[in-house]
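Novice: If you scroll down you'll find the structure; I have some questions about it.
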Number of protein chains: 2
Amino acid sequence: MSHDGREVRIHSVGATQDEGCVLFLEEIGGARLLPIVAGLNEGKALALKASGLELPRPMTHDLMLSLVEATGFSVVRVLISELREDVFYARVVLEKDGHELSVDARPSDALNVAIRAACPIFVADEVFEKADLLMKPISGSDVAKFRAELESTDPSEAFKALEGKPAPREP
Amino acid sequence: MSHDGREVRIHSVGATQDEGCVLFLEEIGGARLLPIVAGLNEGKALALKASGLELPRPMTHDLMLSLVEATGFSVVRVLISELREDVFYARVVLEKDGHELSVDARPSDALNVAIRAACPIFVADEVFEKADLLMKPISGSDVAKFRAELESTDPSEAFKALEGKPAPREP
């Protein structure tokens, strides 16, 4: 949690049938996934960087970060700030000597900058409330954790937790 | 002419068959055209900007310029600096308070920045010497200008200019 919203990380990138792509952001410490539709080029640039492949020449977003850093500023975070009429808005936040400033960007560009700057990514609470979200699938380790919790649970505690709740009706 | 080389402007952008494109740079005050092969995305971004079409959201290179300008720096020029093993190299030159710095870039990104910053573009003399060049086709106005010069020429001056040159041989 932060004054900017919930922290997320890039979960995955998927291609759509109409030459676009979907960037999935994963809530850190939560189960929500935020899908953001983006252009194929920006999705490719993100996937390429995430793959760890080193290219001989700077790609467009590499140049973007180099230019910022050459000025003495750092990219300190990226924020998916707004969802308005089905369009996501983002801001890239720069900092130098304690002075912060932010610039309007498309989320796909902002995320490409974030992955290169290795800076945190936030999603405004309002965006999480308005967006169509997905929930992360339950993983094997989630199931194992639930089993372990169940085994260590005192049954009398479980019954106590149910007290006061309406009894389930017979069908 | 400049300490950086010859000034050029963007002449045109052409698509190649293999999903790439060619950016043609035109020498200002000269007849040489420098073709630079680039990626299709960067070529499209350049053509889109050159078309004057206003888009609702900042494209990638628009964000790049916004970030630079937010830091207080300006993009003052772009230089196609080097041609090595068939690869063109470029530099984007930033300036603030008389202090200049430059950053390594691919020519296609550098030109996309230049067209947005409306800054001059230079090509190093060495690049013009090493590259495969084209010559600009003669235009109707070139022909008209040559005719006007011819009509205003004193024939005795023309003969004087030929003096000392070897007489053409009969075939």
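Labels for the structure tokens follow display order: chains A, B, ..., residues from 1 in each chain, ligands from 1.
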Per DSSP on the backbone, what are the strand (DSSP E) residues of range 30-144 of chain A, as a ChimeraX atom specification?
Specialist: /A:32-39,74-84,87-96,99-105,121-123,134-135
Novice: Contacts of range 117-131 of chain A at 7 Å or less, counting only C-alpha atoms, minus same-chain residues fewer than 6 places along, as a PyMOL selection string?
Specialist: chain A and resi 4-9+75-83
Novice: Can you pull out the residues contacting Leu134 in chain B? Cut-off 8 Å, using only C-alpha atoms, and skip same-chain residues under 3 positions away; I want them as a ChimeraX atom specification.
Specialist: /B:32-35
Novice: Please save C-alpha atoms of the selected residues as an mmCIF file, in the first residue's frame.
Specialist:
```cif
data_model
loop_
_atom_site.group_PDB
_atom_site.id
_atom_site.type_symbol
_atom_site.label_atom_id
_atom_site.label_comp_id
_atom_site.auth_asym_id
_atom_site.auth_seq_id
_atom_site.Cartn_x
_atom_site.Cartn_y
_atom_site.Cartn_z
ATOM 1 C CA ARG B 32 22.820 13.766 -51.844
ATOM 2 C CA LEU B 33 20.241 11.452 -50.292
ATOM 3 C CA LEU B 34 21.263 9.119 -47.491
ATOM 4 C CA PRO B 35 19.080 6.004 -47.137
#
```
Novice: If you measure from CA of Ser12 in chain B to CA of Asp142 in chain B, what distance in Å do you get, rounded to one decimal?
Specialist: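 So the answer is 19.3 Å.
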Novice: Report as a tab-separated table the residues of chain B within 7 Å of chain A, each with its shortest atom pair and distance in Å (one decimal), using only C-alpha atoms, ordered by chain and increasing residue number.
Specialist:
```
residue	atom	partner	partner_atom	distance
B:Arg57	CA	A:Arg106	CA	6.9
B:Pro58	CA	A:Ala105	CA	6.3
B:Thr60	CA	A:Asp109	CA	6.3
B:Leu63	CA	A:Ala105	CA	6.3
B:Met64	CA	A:Met64	CA	5.4
B:Ser66	CA	A:Val103	CA	7.0
B:Leu67	CA	A:Val103	CA	6.5
B:Val68	CA	A:Val68	CA	6.2
B:Thr71	CA	A:Thr71	CA	6.9
B:Val103	CA	A:Leu67	CA	6.5
B:Ala105	CA	A:Leu63	CA	6.3
B:Arg106	CA	A:Pro58	CA	6.8
B:Asp109	CA	A:Thr60	CA	6.3
```
Novice: Please produce a file of the residues just selected, as an mmCIF file, in the first residue's frame, where the atoms kept are C-alpha atoms.
Specialist:
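Wrote part_35.cif, looks like this:
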```cif
data_model
loop_
_atom_site.group_PDB
_atom_site.id
_atom_site.type_symbol
_atom_site.label_atom_id
_atom_site.label_comp_id
_atom_site.auth_asym_id
_atom_site.auth_seq_id
_atom_site.Cartn_x
_atom_site.Cartn_y
_atom_site.Cartn_z
ATOM 1 C CA ARG B 57 -2.508 9.946 -26.294
ATOM 2 C CA PRO B 58 1.274 10.502 -26.378
ATOM 3 C CA THR B 60 6.369 6.500 -27.360
ATOM 4 C CA LEU B 63 6.757 10.623 -24.116
ATOM 5 C CA MET B 64 10.513 10.560 -24.685
ATOM 6 C CA SER B 66 8.132 15.120 -22.690
ATOM 7 C CA LEU B 67 10.423 13.397 -20.202
ATOM 8 C CA VAL B 68 13.484 15.283 -21.472
ATOM 9 C CA THR B 71 13.862 17.806 -16.662
ATOM 10 C CA VAL B 103 23.267 9.974 -25.720
ATOM 11 C CA ALA B 105 20.722 6.095 -30.120
ATOM 12 C CA ARG B 106 19.596 4.261 -33.200
ATOM 13 C CA ASP B 109 14.779 6.871 -32.712
#
```
Novice: Between CA of Leu53 in chain A and CA of Gly20 in chain B, what is the distance in Å, rounded to a tenth?
Specialist: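 The value is 21.0 Å.
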Novice: In chain B, what's helix (DSSP H, G or I) per DSSP? Answer as a ChimeraX atom specification?
Specialist: /B:40-50,60-70,107-117,125-130,140-151,155-162
Novice: With only C-alpha atoms as the basis for distance, which of A:Ser152, A:Val13, A:Pro56, A:Ser139 is at the shortest distance from Lys44 in chain A?
Specialist: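 Going through A:Ser152, A:Val13, A:Pro56, A:Ser139 one by one, the smallest distance to Lys44 in chain A is for A:Val13.
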